[in-house]
Amino acid sequence: MIFFRKPIPGVDHPVMEADVVIVGGGPAGMACALRLSQLIDEHNTAHPDAPISKENIYVLEKAREAGAHSLSGALLDPRAMNELLPEWKSEAPIEAEVSRESVYFLTKKSKFKAPITPPPLRDHGNYVISLNRFVKWMGGKVEETGFTVFTGFAGSELLIEDGKVAGVRTDDKGVDKLGEQKANFEPGYDLKSKITILAEGSRGSLTKQLVTRFELDKDRNPQTYGVGVKELWEIPPGRIAEGEVIYTAGYPLTSKEYGGAWIYGGKNNTISLGFVTGLDYQDPRTDPQHVLQAFKQHPFVRRMLEGGKMIRYGAKSLPYGGWLSMPPLAGDGWMIIGDSASFLNSQRLKGIHLAQKSGMLAAETAFEALVANNFSAAQLGHYKEKVDASWIRKELYPVRNFHQGFEGGMLQGMIFAGLGQVTGGGLWDMKAHAGHTRMKHLIDAMGWGSGRDQFLGWAKGDGKLTFDKLTDLYFSGTKHEEDQPSHLVIEDINICNTRCPKEFGNPCQFFCPANVYEMQESAEHPGAKELHLNPSNCVHCKTCDIMDPYQIITWVPPEGGGGPNYDGM
Ligand code: SF4
């Protein structure tokens, strides 16, 4: 029997009044807090008789310390940082400035270098960073402002009153596996806030509640996603330059799947390498962690890694939908920023600068709302006007059709991408389809024959170059309180045990990069298998919430403080 995390009835939640609550301390949330602080400081200097207090402005972060759940390639386009903190380069942790870039197409044994780097992938002027270290640094800057950063606190529920967002409830602490209070039980707080800013990253759980409650996905493309699986390596010197950037397409994926890899040279002979697999693949046996293991066995990559050692592992989903999947950005008492609101350019494989800028624009809107003492949808709606007038729109609108072009395969995607370049993004808005709807039944996929075995099912791993999932998982530093209800909430587990094995072969066993989902022999029904969950393995990538073909899995935050430790990622 699996007990799922749900509110405990009859518990009183202490109330804290807040002016602004930012849920999520990633690059968007931290940039939002820093910009808001700047504006309040300027105001308070100009109007000492009517100051705005910083006391009741909070950032909530579910990780045990800022940055611990932040994972990306990462390449930083510095545009937003230059506006936010012009001197940032002198103090922020930077791995290297991009020194050269190249793009390859891989077949099983060979590689073909693109004669010129396509303009969207030219990275001179950008920086290789560890997003974990960068966000940690931003978190320190936010703490200096006088705002309170609550780490280890997840937003578990939106408070909605009279159809308006009135704040957020934090998670209850000290609840056991059966959902009963333990001796250390502490109820979550009701942070009653004038403005709630959702900055939860990709597939945010409160954002999902908000989207469902107010039908924010109506009349726009569904959000589409990829999952990036990453390893950090230390390799012998001389294999890759600091700041060297390599992108690849092709092997191990076939023309049926969307995705590609990155390799970035960092400081002290470290490299970040990872593979993004589009979460719109059709074969339910596809395993994104296996995709990365197969990629490393390509002679080009193998040569680079041989003699080195893997030091960190992680995975995270990313939104591909861009401009046409963007939900309404503001309403009564709320705004959405960063990945949660689709601020990512999938053509450039970059989103940190867009997340930061969206946070800054939301901060400007929140500041104006505080001055006007007006938190209505009309007032907070100025945020969308600011986005439309900013370089965010100039960057995202012309690539609004990029990912949809690939729904018909690699070749069609390349043709559409080329057309997009010459027509400013295409002559019409293309529809997208939610990735899980494209998954085929197992029997159909098996009929496609071989040629894809290199990424189907679990990777075995040789322990040196390639790793099985559990070995990789060990390097994610993931830890959760074991005695708590499952934070993977499955609406109808009978579907997992009866229908899914026949139709899709339980793809959760494969798409989860952390071995959370396992089909085990049933004790009650000998010969049958049933789903077993290992929630404490979860690296919070949200792939299951996105890719489950029946859409019956909901990821909700586990007890705050639990999760991966992406040190240096
Ligand atoms: Fe990702 Fe879901 Fe697996 Fe957690 S359980 S690691 S969110 S796929």
# chains A, B, ... in the order shown; residues from 1 in each chain; ligands from 1
$ closest_atom_pairs --of "chain A" --to "ligand 1" --cutoff "7 Å" --atoms "only C-alpha atoms and all ligand atoms" --output "CSV"
residue,atom,partner,partner_atom_place_in_ligand_line,distance
A:Leu488,CA,ligand 1,5 (S),6.6
A:Phe511,CA,ligand 1,8 (S),6.3
A:Cys512,CA,ligand 1,8 (S),3.7
A:Pro513,CA,ligand 1,6 (S),5.6
A:Ala514,CA,ligand 1,6 (S),4.8
A:Asn515,CA,ligand 1,3 (Fe),6.6
A:Val516,CA,ligand 1,5 (S),5.2
A:Tyr517,CA,ligand 1,5 (S),7.0
A:Pro535,CA,ligand 1,5 (S),6.4
A:Asn537,CA,ligand 1,6 (S),6.8
A:Cys538,CA,ligand 1,4 (Fe),3.7
A:Val539,CA,ligand 1,6 (S),4.3
A:His540,CA,ligand 1,7 (S),4.1
A:Cys541,CA,ligand 1,1 (Fe),3.9
A:Lys542,CA,ligand 1,7 (S),3.6
A:Thr543,CA,ligand 1,8 (S),4.2
A:Cys544,CA,ligand 1,8 (S),4.1
A:Asp545,CA,ligand 1,2 (Fe),6.4
A:Trp555,CA,ligand 1,7 (S),6.5
$ residues_around --residues "A:Asp429" --least-positions-apart "3" --cutoff "8 Å" --atoms "only C-alpha atoms" --output "list in words"
Leu324, Arg400, Asn401 and Gly426 of chain A
$ write_last_selection --atoms "all heavy atoms" --output "PDB file, in the first residue's frame"
ATOM      1  N   LEU A 324       4.250  30.518 -27.751  1.00  0.00           N
ATOM      2  CA  LEU A 324       2.876  30.086 -28.012  1.00  0.00           C
ATOM      3  C   LEU A 324       2.315  29.192 -26.899  1.00  0.00           C
ATOM      4  O   LEU A 324       1.132  28.874 -26.896  1.00  0.00           O
ATOM      5  CB  LEU A 324       2.787  29.363 -29.364  1.00  0.00           C
ATOM      6  CG  LEU A 324       3.148  30.217 -30.583  1.00  0.00           C
ATOM      7  CD1 LEU A 324       3.065  29.395 -31.866  1.00  0.00           C
ATOM      8  CD2 LEU A 324       2.241  31.442 -30.698  1.00  0.00           C
ATOM      9  N   ARG A 400       8.918  31.169 -32.265  1.00  0.00           N
ATOM     10  CA  ARG A 400       7.718  30.569 -31.650  1.00  0.00           C
ATOM     11  C   ARG A 400       7.338  29.232 -32.260  1.00  0.00           C
ATOM     12  O   ARG A 400       6.666  28.419 -31.627  1.00  0.00           O
ATOM     13  CB  ARG A 400       6.540  31.553 -31.731  1.00  0.00           C
ATOM     14  CG  ARG A 400       6.030  31.780 -33.153  1.00  0.00           C
ATOM     15  CD  ARG A 400       5.138  33.016 -33.222  1.00  0.00           C
ATOM     16  NE  ARG A 400       4.631  33.240 -34.571  1.00  0.00           N
ATOM     17  CZ  ARG A 400       5.333  33.737 -35.582  1.00  0.00           C
ATOM     18  NH1 ARG A 400       6.620  34.053 -35.407  1.00  0.00           N
ATOM     19  NH2 ARG A 400       4.794  33.920 -36.757  1.00  0.00           N
ATOM     20  N   ASN A 401       7.755  28.972 -33.507  1.00  0.00           N
ATOM     21  CA  ASN A 401       7.379  27.718 -34.169  1.00  0.00           C
ATOM     22  C   ASN A 401       8.497  26.689 -34.182  1.00  0.00           C
ATOM     23  O   ASN A 401       8.344  25.620 -34.767  1.00  0.00           O
ATOM     24  CB  ASN A 401       6.988  28.012 -35.624  1.00  0.00           C
ATOM     25  CG  ASN A 401       5.635  28.681 -35.719  1.00  0.00           C
ATOM     26  OD1 ASN A 401       4.734  28.372 -34.940  1.00  0.00           O
ATOM     27  ND2 ASN A 401       5.484  29.602 -36.652  1.00  0.00           N
ATOM     28  N   GLY A 426       8.289  32.185 -39.392  1.00  0.00           N
ATOM     29  CA  GLY A 426       7.201  31.449 -40.046  1.00  0.00           C
ATOM     30  C   GLY A 426       6.027  32.372 -40.327  1.00  0.00           C
ATOM     31  O   GLY A 426       5.888  33.432 -39.711  1.00  0.00           O
TER      32      GLY A 426
END
$ select_by_dssp --residues "stretch 161-354 of chain A" --states "helix (DSSP H, G or I)" --output "compact mmCIF listing (two decimals) with all heavy atoms, in the first residue's frame"
# COMPACT_ATOMS: atom_id res chain seq x y z
N SER A 205 4.61 22.88 -9.41
CA SER A 205 3.41 22.22 -8.89
C SER A 205 2.32 23.22 -8.53
O SER A 205 1.14 22.96 -8.76
CB SER A 205 3.77 21.33 -7.70
OG SER A 205 4.53 22.05 -6.78
N LEU A 206 2.67 24.39 -7.97
CA LEU A 206 1.64 25.39 -7.69
C LEU A 206 1.17 26.03 -9.00
O LEU A 206 0.00 26.37 -9.15
CB LEU A 206 2.17 26.47 -6.75
CG LEU A 206 2.56 26.03 -5.35
CD1 LEU A 206 2.95 27.23 -4.50
CD2 LEU A 206 1.42 25.28 -4.67
N THR A 207 2.10 26.18 -9.93
CA THR A 207 1.72 26.73 -11.24
C THR A 207 0.70 25.81 -11.90
O THR A 207 -0.28 26.27 -12.50
CB THR A 207 2.97 26.88 -12.14
OG1 THR A 207 3.96 27.60 -11.42
CG2 THR A 207 2.65 27.63 -13.42
N LYS A 208 0.91 24.51 -11.74
CA LYS A 208 -0.04 23.55 -12.32
C LYS A 208 -1.41 23.71 -11.66
O LYS A 208 -2.45 23.69 -12.34
CB LYS A 208 0.51 22.12 -12.10
CG LYS A 208 -0.21 21.05 -12.89
CD LYS A 208 0.47 19.70 -12.72
CE LYS A 208 -0.44 18.56 -13.12
NZ LYS A 208 0.15 17.25 -12.90
N GLN A 209 -1.42 23.91 -10.33
CA GLN A 209 -2.71 24.15 -9.65
C GLN A 209 -3.39 25.39 -10.20
O GLN A 209 -4.59 25.40 -10.46
CB GLN A 209 -2.49 24.38 -8.15
CG GLN A 209 -2.13 23.17 -7.33
CD GLN A 209 -1.88 23.55 -5.85
OE1 GLN A 209 -2.28 24.60 -5.35
NE2 GLN A 209 -1.18 22.68 -5.15
N LEU A 210 -2.58 26.44 -10.40
CA LEU A 210 -3.14 27.71 -10.88
C LEU A 210 -3.68 27.57 -12.31
O LEU A 210 -4.77 28.04 -12.63
CB LEU A 210 -2.03 28.78 -10.84
CG LEU A 210 -2.44 30.21 -11.10
CD1 LEU A 210 -3.17 30.79 -9.89
CD2 LEU A 210 -1.23 31.08 -11.42
N VAL A 211 -2.89 26.90 -13.15
CA VAL A 211 -3.29 26.71 -14.55
C VAL A 211 -4.60 25.93 -14.61
O VAL A 211 -5.53 26.28 -15.34
CB VAL A 211 -2.16 25.98 -15.33
CG1 VAL A 211 -2.66 25.49 -16.69
CG2 VAL A 211 -0.96 26.91 -15.52
N THR A 212 -4.71 24.88 -13.79
CA THR A 212 -5.92 24.06 -13.80
C THR A 212 -7.11 24.85 -13.27
O THR A 212 -8.18 24.88 -13.88
CB THR A 212 -5.70 22.80 -12.93
OG1 THR A 212 -4.50 22.17 -13.36
CG2 THR A 212 -6.84 21.81 -13.04
N ARG A 213 -6.91 25.51 -12.15
CA ARG A 213 -8.01 26.22 -11.50
C ARG A 213 -8.59 27.32 -12.39
O ARG A 213 -9.79 27.49 -12.49
CB ARG A 213 -7.48 26.80 -10.18
CG ARG A 213 -8.36 27.80 -9.50
CD ARG A 213 -9.45 27.10 -8.72
NE ARG A 213 -10.41 28.04 -8.22
CZ ARG A 213 -10.71 28.21 -6.92
NH1 ARG A 213 -10.13 27.46 -6.03
NH2 ARG A 213 -11.59 29.11 -6.53
N PRO A 288 15.84 8.17 -21.08
CA PRO A 288 16.76 9.30 -21.27
C PRO A 288 18.12 9.12 -20.58
O PRO A 288 19.13 9.64 -21.06
CB PRO A 288 15.99 10.48 -20.69
CG PRO A 288 14.55 10.09 -20.83
CD PRO A 288 14.52 8.61 -20.59
N GLN A 289 18.15 8.41 -19.45
CA GLN A 289 19.45 8.17 -18.79
C GLN A 289 20.28 7.24 -19.67
O GLN A 289 21.50 7.41 -19.79
CB GLN A 289 19.23 7.57 -17.40
CG GLN A 289 20.49 7.45 -16.54
CD GLN A 289 21.16 6.08 -16.63
OE1 GLN A 289 20.65 5.16 -17.26
NE2 GLN A 289 22.32 5.96 -16.01
N HIS A 290 19.63 6.27 -20.32
CA HIS A 290 20.33 5.36 -21.23
C HIS A 290 20.84 6.13 -22.45
O HIS A 290 21.93 5.86 -22.96
CB HIS A 290 19.37 4.24 -21.65
CG HIS A 290 20.03 3.07 -22.29
ND1 HIS A 290 19.39 1.87 -22.47
CD2 HIS A 290 21.27 2.91 -22.80
CE1 HIS A 290 20.21 1.01 -23.07
NE2 HIS A 290 21.36 1.64 -23.29
N VAL A 291 20.04 7.11 -22.90
CA VAL A 291 20.46 7.93 -24.05
C VAL A 291 21.83 8.55 -23.76
O VAL A 291 22.75 8.51 -24.59
CB VAL A 291 19.41 9.03 -24.37
CG1 VAL A 291 19.94 9.98 -25.45
CG2 VAL A 291 18.09 8.42 -24.81
N LEU A 292 21.98 9.11 -22.55
CA LEU A 292 23.27 9.74 -22.20
C LEU A 292 24.39 8.70 -22.16
O LEU A 292 25.51 8.96 -22.62
CB LEU A 292 23.16 10.46 -20.85
CG LEU A 292 24.47 11.09 -20.35
CD1 LEU A 292 24.97 12.18 -21.31
CD2 LEU A 292 24.32 11.66 -18.95
N GLN A 293 24.09 7.50 -21.64
CA GLN A 293 25.14 6.47 -21.56
C GLN A 293 25.59 6.05 -22.96
O GLN A 293 26.77 5.83 -23.22
CB GLN A 293 24.66 5.25 -20.76
CG GLN A 293 24.15 5.58 -19.35
CD GLN A 293 25.06 6.52 -18.58
OE1 GLN A 293 26.26 6.27 -18.46
NE2 GLN A 293 24.49 7.62 -18.08
N ALA A 294 24.60 5.96 -23.88
CA ALA A 294 24.93 5.59 -25.26
C ALA A 294 25.76 6.69 -25.93
O ALA A 294 26.73 6.42 -26.66
CB ALA A 294 23.65 5.33 -26.05
N PHE A 295 25.40 7.92 -25.67
CA PHE A 295 26.13 9.07 -26.23
C PHE A 295 27.61 9.02 -25.83
O PHE A 295 28.51 9.25 -26.65
CB PHE A 295 25.46 10.36 -25.74
CG PHE A 295 26.22 11.61 -26.05
CD1 PHE A 295 26.35 12.06 -27.35
CD2 PHE A 295 26.80 12.37 -25.02
CE1 PHE A 295 27.04 13.24 -27.63
CE2 PHE A 295 27.48 13.54 -25.29
CZ PHE A 295 27.61 13.97 -26.61
N LYS A 296 27.87 8.66 -24.58
CA LYS A 296 29.26 8.64 -24.09
C LYS A 296 30.07 7.54 -24.76
O LYS A 296 31.30 7.58 -24.75
CB LYS A 296 29.28 8.44 -22.56
CG LYS A 296 28.78 9.65 -21.80
CD LYS A 296 28.97 9.50 -20.30
CE LYS A 296 28.12 8.38 -19.75
NZ LYS A 296 28.34 8.12 -18.33
N PRO A 299 32.70 7.13 -30.24
CA PRO A 299 34.16 7.30 -30.16
C PRO A 299 34.60 8.73 -29.86
O PRO A 299 35.56 8.95 -29.10
CB PRO A 299 34.63 6.86 -31.56
CG PRO A 299 33.51 6.03 -32.12
CD PRO A 299 32.25 6.44 -31.44
N PHE A 300 33.90 9.71 -30.40
CA PHE A 300 34.26 11.12 -30.20
C PHE A 300 34.19 11.51 -28.72
O PHE A 300 35.08 12.18 -28.18
CB PHE A 300 33.28 11.97 -31.04
CG PHE A 300 33.39 13.45 -30.84
CD1 PHE A 300 34.59 14.12 -30.98
CD2 PHE A 300 32.24 14.20 -30.55
CE1 PHE A 300 34.67 15.50 -30.83
CE2 PHE A 300 32.32 15.57 -30.40
CZ PHE A 300 33.53 16.22 -30.53
N VAL A 301 33.15 11.03 -28.05
CA VAL A 301 32.95 11.40 -26.65
C VAL A 301 33.80 10.49 -25.75
O VAL A 301 34.41 10.95 -24.78
CB VAL A 301 31.45 11.28 -26.27
CG1 VAL A 301 31.20 11.84 -24.88
CG2 VAL A 301 30.58 12.01 -27.30
N ARG A 302 33.84 9.21 -26.11
CA ARG A 302 34.64 8.26 -25.33
C ARG A 302 36.08 8.74 -25.19
O ARG A 302 36.66 8.73 -24.11
CB ARG A 302 34.60 6.89 -26.03
CG ARG A 302 35.45 5.82 -25.38
CD ARG A 302 35.49 4.59 -26.27
NE ARG A 302 34.24 3.86 -26.22
CZ ARG A 302 33.95 2.91 -25.34
NH1 ARG A 302 34.84 2.58 -24.42
NH2 ARG A 302 32.80 2.28 -25.38
N ARG A 303 36.65 9.20 -26.32
CA ARG A 303 38.06 9.66 -26.31
C ARG A 303 38.24 10.83 -25.33
O ARG A 303 39.28 10.96 -24.69
CB ARG A 303 38.48 10.09 -27.72
CG ARG A 303 39.01 8.96 -28.59
CD ARG A 303 39.79 9.50 -29.79
NE ARG A 303 38.95 10.31 -30.66
CZ ARG A 303 38.19 9.84 -31.63
NH1 ARG A 303 38.15 8.54 -31.87
NH2 ARG A 303 37.45 10.64 -32.38
N MET A 304 37.21 11.66 -25.26
CA MET A 304 37.32 12.83 -24.39
C MET A 304 37.27 12.44 -22.90
O MET A 304 37.92 13.05 -22.06
CB MET A 304 36.15 13.76 -24.70
CG MET A 304 36.40 15.20 -24.37
SD MET A 304 35.01 16.20 -24.85
CE MET A 304 35.08 16.17 -26.61
N LEU A 305 36.50 11.39 -22.61
CA LEU A 305 36.25 11.05 -21.20
C LEU A 305 37.21 10.00 -20.65
O LEU A 305 37.39 9.93 -19.42
CB LEU A 305 34.81 10.52 -21.04
CG LEU A 305 33.68 11.50 -21.39
CD1 LEU A 305 32.33 10.81 -21.23
CD2 LEU A 305 33.73 12.75 -20.52
N GLY A 322 7.82 27.71 -25.52
CA GLY A 322 8.10 29.11 -25.84
C GLY A 322 6.86 30.00 -25.87
O GLY A 322 5.92 29.81 -25.10
N TRP A 323 6.89 30.94 -26.78
CA TRP A 323 5.91 32.03 -26.80
C TRP A 323 4.47 31.54 -26.93
O TRP A 323 3.56 32.06 -26.29
CB TRP A 323 6.25 32.96 -27.97
CG TRP A 323 5.53 34.25 -27.91
CD1 TRP A 323 4.42 34.61 -28.63
CD2 TRP A 323 5.83 35.38 -27.08
NE1 TRP A 323 4.02 35.88 -28.30
CE2 TRP A 323 4.88 36.38 -27.34
CE3 TRP A 323 6.83 35.65 -26.12
CZ2 TRP A 323 4.88 37.61 -26.71
CZ3 TRP A 323 6.83 36.87 -25.49
CH2 TRP A 323 5.86 37.84 -25.78
N LEU A 324 4.25 30.52 -27.75
CA LEU A 324 2.88 30.09 -28.01
C LEU A 324 2.32 29.19 -26.90
O LEU A 324 1.13 28.87 -26.90
CB LEU A 324 2.79 29.36 -29.36
CG LEU A 324 3.15 30.22 -30.58
CD1 LEU A 324 3.06 29.39 -31.87
CD2 LEU A 324 2.24 31.44 -30.70
N SER A 325 3.15 28.76 -25.97
CA SER A 325 2.67 27.95 -24.84
C SER A 325 2.63 28.79 -23.56
O SER A 325 2.35 28.26 -22.48
CB SER A 325 3.60 26.76 -24.59
OG SER A 325 3.64 25.92 -25.70
N GLY A 338 9.92 32.97 -15.21
CA GLY A 338 10.90 31.91 -15.47
C GLY A 338 10.34 30.73 -16.24
O GLY A 338 9.38 30.85 -17.01
N ASP A 339 10.97 29.56 -16.05
CA ASP A 339 10.56 28.34 -16.75
C ASP A 339 9.08 28.02 -16.53
O ASP A 339 8.41 27.46 -17.40
CB ASP A 339 11.38 27.13 -16.27
CG ASP A 339 12.74 27.02 -16.94
OD1 ASP A 339 13.08 27.91 -17.74
OD2 ASP A 339 13.46 26.05 -16.65
N SER A 340 8.58 28.32 -15.34
CA SER A 340 7.16 28.04 -15.05
C SER A 340 6.25 28.73 -16.06
O SER A 340 5.15 28.26 -16.32
CB SER A 340 6.78 28.55 -13.65
OG SER A 340 7.44 27.83 -12.66
N ALA A 341 6.73 29.86 -16.59
CA ALA A 341 5.92 30.63 -17.54
C ALA A 341 6.43 30.50 -18.97
O ALA A 341 6.07 31.30 -19.83
CB ALA A 341 5.90 32.10 -17.13
N ILE A 352 18.24 30.95 -18.99
CA ILE A 352 18.55 31.61 -17.71
C ILE A 352 18.34 33.12 -17.83
O ILE A 352 17.74 33.75 -16.97
CB ILE A 352 19.99 31.28 -17.26
CG1 ILE A 352 20.16 29.77 -17.07
CG2 ILE A 352 20.34 32.00 -15.97
CD1 ILE A 352 21.60 29.32 -16.88
N HIS A 353 18.83 33.70 -18.95
CA HIS A 353 18.71 35.16 -19.10
C HIS A 353 17.25 35.58 -19.23
O HIS A 353 16.85 36.63 -18.72
CB HIS A 353 19.53 35.64 -20.30
CG HIS A 353 19.06 35.11 -21.62
ND1 HIS A 353 19.00 33.76 -21.91
CD2 HIS A 353 18.60 35.74 -22.74
CE1 HIS A 353 18.55 33.59 -23.14
NE2 HIS A 353 18.29 34.78 -23.66
N LEU A 354 16.43 34.74 -19.88
CA LEU A 354 15.01 35.07 -20.04
C LEU A 354 14.28 34.93 -18.70
O LEU A 354 13.42 35.74 -18.36
CB LEU A 354 14.37 34.14 -21.08
CG LEU A 354 14.92 34.31 -22.51
CD1 LEU A 354 14.59 33.10 -23.37
CD2 LEU A 354 14.34 35.59 -23.15
$ residues_around --residues "stretch 481-485 of chain A" --least-positions-apart "4" --cutoff "6 Å" --atoms "only C-alpha atoms" --output "VMD selection string"
chain A and resid 3 to 5 175 to 177 179
$ write_last_selection --atoms "N, CA, C and O atoms" --output "short mmCIF file (atom, residue, chain, number, x, y, z; two decimals), in the first residue's frame"
data_model
loop_
_atom_site.label_atom_id
_atom_site.label_comp_id
_atom_site.auth_asym_id
_atom_site.auth_seq_id
_atom_site.Cartn_x
_atom_site.Cartn_y
_atom_site.Cartn_z
N PHE A 3 1.05 5.30 0.57
CA PHE A 3 0.31 6.44 1.12
C PHE A 3 0.86 7.72 0.48
O PHE A 3 2.08 7.93 0.44
N PHE A 4 -0.06 8.50 -0.02
CA PHE A 4 0.36 9.70 -0.74
C PHE A 4 0.24 10.94 0.13
O PHE A 4 -0.59 11.01 1.03
N ARG A 5 1.08 11.90 -0.19
CA ARG A 5 1.09 13.17 0.55
C ARG A 5 -0.21 13.93 0.27
O ARG A 5 -0.56 14.16 -0.88
N VAL A 175 5.51 14.56 9.07
CA VAL A 175 4.35 13.70 8.79
C VAL A 175 4.92 12.33 8.39
O VAL A 175 5.84 12.26 7.57
N ASP A 176 4.38 11.25 8.97
CA ASP A 176 4.97 9.94 8.69
C ASP A 176 4.39 9.33 7.41
O ASP A 176 3.50 9.91 6.78
N LYS A 177 4.90 8.17 7.06
CA LYS A 177 4.51 7.45 5.83
C LYS A 177 3.01 7.25 5.69
O LYS A 177 2.46 7.20 4.60
N GLY A 179 0.79 9.25 6.84
CA GLY A 179 0.08 10.53 6.86
C GLY A 179 -0.25 10.98 8.27
O GLY A 179 -1.03 11.93 8.45
#
$ select_by_dssp --residues "stretch 332-487 of chain A" --states "strand (DSSP E or B)" --output "list in words"
Trp334, Met335, Ile336, Asn345, Lys350, Leu456, Lys479 and Ser486 of chain A
$ write_last_selection --atoms "N, CA and C atoms" --output "PDB file, in the first residue's frame"
ATOM      1  N   TRP A 334      -1.382  37.464  -8.401  1.00  0.00           N
ATOM      2  CA  TRP A 334      -0.314  36.533  -8.809  1.00  0.00           C
ATOM      3  C   TRP A 334       0.377  36.920 -10.115  1.00  0.00           C
ATOM      4  N   MET A 335       1.611  36.449 -10.221  1.00  0.00           N
ATOM      5  CA  MET A 335       2.371  36.531 -11.484  1.00  0.00           C
ATOM      6  C   MET A 335       3.180  35.238 -11.608  1.00  0.00           C
ATOM      7  N   ILE A 336       3.545  34.881 -12.834  1.00  0.00           N
ATOM      8  CA  ILE A 336       4.388  33.690 -13.052  1.00  0.00           C
ATOM      9  C   ILE A 336       5.639  34.131 -13.820  1.00  0.00           C
ATOM     10  N   ASN A 345      14.307  29.760 -24.624  1.00  0.00           N
ATOM     11  CA  ASN A 345      14.467  29.752 -26.074  1.00  0.00           C
ATOM     12  C   ASN A 345      15.036  28.390 -26.473  1.00  0.00           C
ATOM     13  N   LYS A 350      18.764  28.051 -24.411  1.00  0.00           N
ATOM     14  CA  LYS A 350      19.086  28.961 -23.309  1.00  0.00           C
ATOM     15  C   LYS A 350      17.824  29.549 -22.698  1.00  0.00           C
ATOM     16  N   LEU A 456      16.949   2.020 -25.582  1.00  0.00           N
ATOM     17  CA  LEU A 456      15.711   1.448 -25.052  1.00  0.00           C
ATOM     18  C   LEU A 456      16.014   0.632 -23.797  1.00  0.00           C
ATOM     19  N   LYS A 479      18.751  13.140  -1.108  1.00  0.00           N
ATOM     20  CA  LYS A 479      18.367  12.660   0.230  1.00  0.00           C
ATOM     21  C   LYS A 479      16.982  13.187   0.549  1.00  0.00           C
ATOM     22  N   SER A 486       4.315   9.376   0.153  1.00  0.00           N
ATOM     23  CA  SER A 486       4.881   9.541  -1.190  1.00  0.00           C
ATOM     24  C   SER A 486       4.481  10.895  -1.776  1.00  0.00           C
TER      25      SER A 486
END
$ atom_distance --atom1 "atom CA of A:Ser376" --atom2 "atom CA of A:Val21"
15.8 Å
$ closest_residue --among "A:Gly447, A:Gly435, A:Gly314, A:Pro328" --to "A:Glu257" --atoms "only C-alpha atoms"
A:Gly435
$ closest_atom_pairs --of "stretch 206-292 of chain A" --to "stretch 414-422 of chain A" --cutoff "12 Å" --atoms "only C-alpha atoms" --output "Markdown table"
| residue | atom | partner | partner_atom | distance |
| --- | --- | --- | --- | --- |
| A:Ala249 | CA | A:Met414 | CA | 11.4 |
| A:Ser255 | CA | A:Met414 | CA | 11.1 |
| A:Tyr258 | CA | A:Met414 | CA | 11.3 |
$ write_last_selection --atoms "N, CA, C and O atoms" --output "short mmCIF file (atom, residue, chain, number, x, y, z; two decimals), in the first residue's frame"
data_model
loop_
_atom_site.label_atom_id
_atom_site.label_comp_id
_atom_site.auth_asym_id
_atom_site.auth_seq_id
_atom_site.Cartn_x
_atom_site.Cartn_y
_atom_site.Cartn_z
N ALA A 249 24.00 16.66 -32.63
CA ALA A 249 22.67 16.12 -32.95
C ALA A 249 22.92 14.71 -33.49
O ALA A 249 24.05 14.35 -33.80
N SER A 255 16.07 9.56 -36.37
CA SER A 255 15.33 10.70 -36.90
C SER A 255 13.92 10.78 -36.31
O SER A 255 13.22 11.76 -36.50
N TYR A 258 13.50 13.70 -30.96
CA TYR A 258 14.04 15.05 -30.94
C TYR A 258 15.01 15.15 -29.76
O TYR A 258 14.70 14.69 -28.66
#
$ decode --residues "stretch 307-316 of chain A" --atoms "N, CA and C atoms" --output "PDB file, in the first residue's frame"
ATOM      1  N   GLY A 307      39.809   7.795 -18.964  1.00  0.00           N
ATOM      2  CA  GLY A 307      40.807   8.151 -17.947  1.00  0.00           C
ATOM      3  C   GLY A 307      40.286   9.185 -16.965  1.00  0.00           C
ATOM      4  N   GLY A 308      39.077   9.694 -17.207  1.00  0.00           N
ATOM      5  CA  GLY A 308      38.502  10.679 -16.291  1.00  0.00           C
ATOM      6  C   GLY A 308      37.543  10.022 -15.320  1.00  0.00           C
ATOM      7  N   LYS A 309      36.898  10.849 -14.495  1.00  0.00           N
ATOM      8  CA  LYS A 309      35.898  10.262 -13.579  1.00  0.00           C
ATOM      9  C   LYS A 309      34.682  11.168 -13.465  1.00  0.00           C
ATOM     10  N   MET A 310      33.536  10.500 -13.352  1.00  0.00           N
ATOM     11  CA  MET A 310      32.274  11.223 -13.195  1.00  0.00           C
ATOM     12  C   MET A 310      32.161  11.668 -11.744  1.00  0.00           C
ATOM     13  N   ILE A 311      31.760  12.950 -11.551  1.00  0.00           N
ATOM     14  CA  ILE A 311      31.715  13.427 -10.165  1.00  0.00           C
ATOM     15  C   ILE A 311      30.319  13.887  -9.724  1.00  0.00           C
ATOM     16  N   ARG A 312      29.413  14.099 -10.651  1.00  0.00           N
ATOM     17  CA  ARG A 312      28.065  14.533 -10.267  1.00  0.00           C
ATOM     18  C   ARG A 312      27.083  14.108 -11.347  1.00  0.00           C
ATOM     19  N   TYR A 313      25.845  13.876 -10.934  1.00  0.00           N
ATOM     20  CA  TYR A 313      24.796  13.453 -11.871  1.00  0.00           C
ATOM     21  C   TYR A 313      23.504  14.176 -11.510  1.00  0.00           C
ATOM     22  N   GLY A 314      22.688  14.426 -12.515  1.00  0.00           N
ATOM     23  CA  GLY A 314      21.378  15.012 -12.230  1.00  0.00           C
ATOM     24  C   GLY A 314      20.516  15.056 -13.476  1.00  0.00           C
ATOM     25  N   ALA A 315      19.282  15.460 -13.294  1.00  0.00           N
ATOM     26  CA  ALA A 315      18.348  15.548 -14.425  1.00  0.00           C
ATOM     27  C   ALA A 315      17.294  16.598 -14.117  1.00  0.00           C
ATOM     28  N   LYS A 316      16.805  17.202 -15.182  1.00  0.00           N
ATOM     29  CA  LYS A 316      15.798  18.252 -15.007  1.00  0.00           C
ATOM     30  C   LYS A 316      15.037  18.414 -16.309  1.00  0.00           C
TER      31      LYS A 316
END
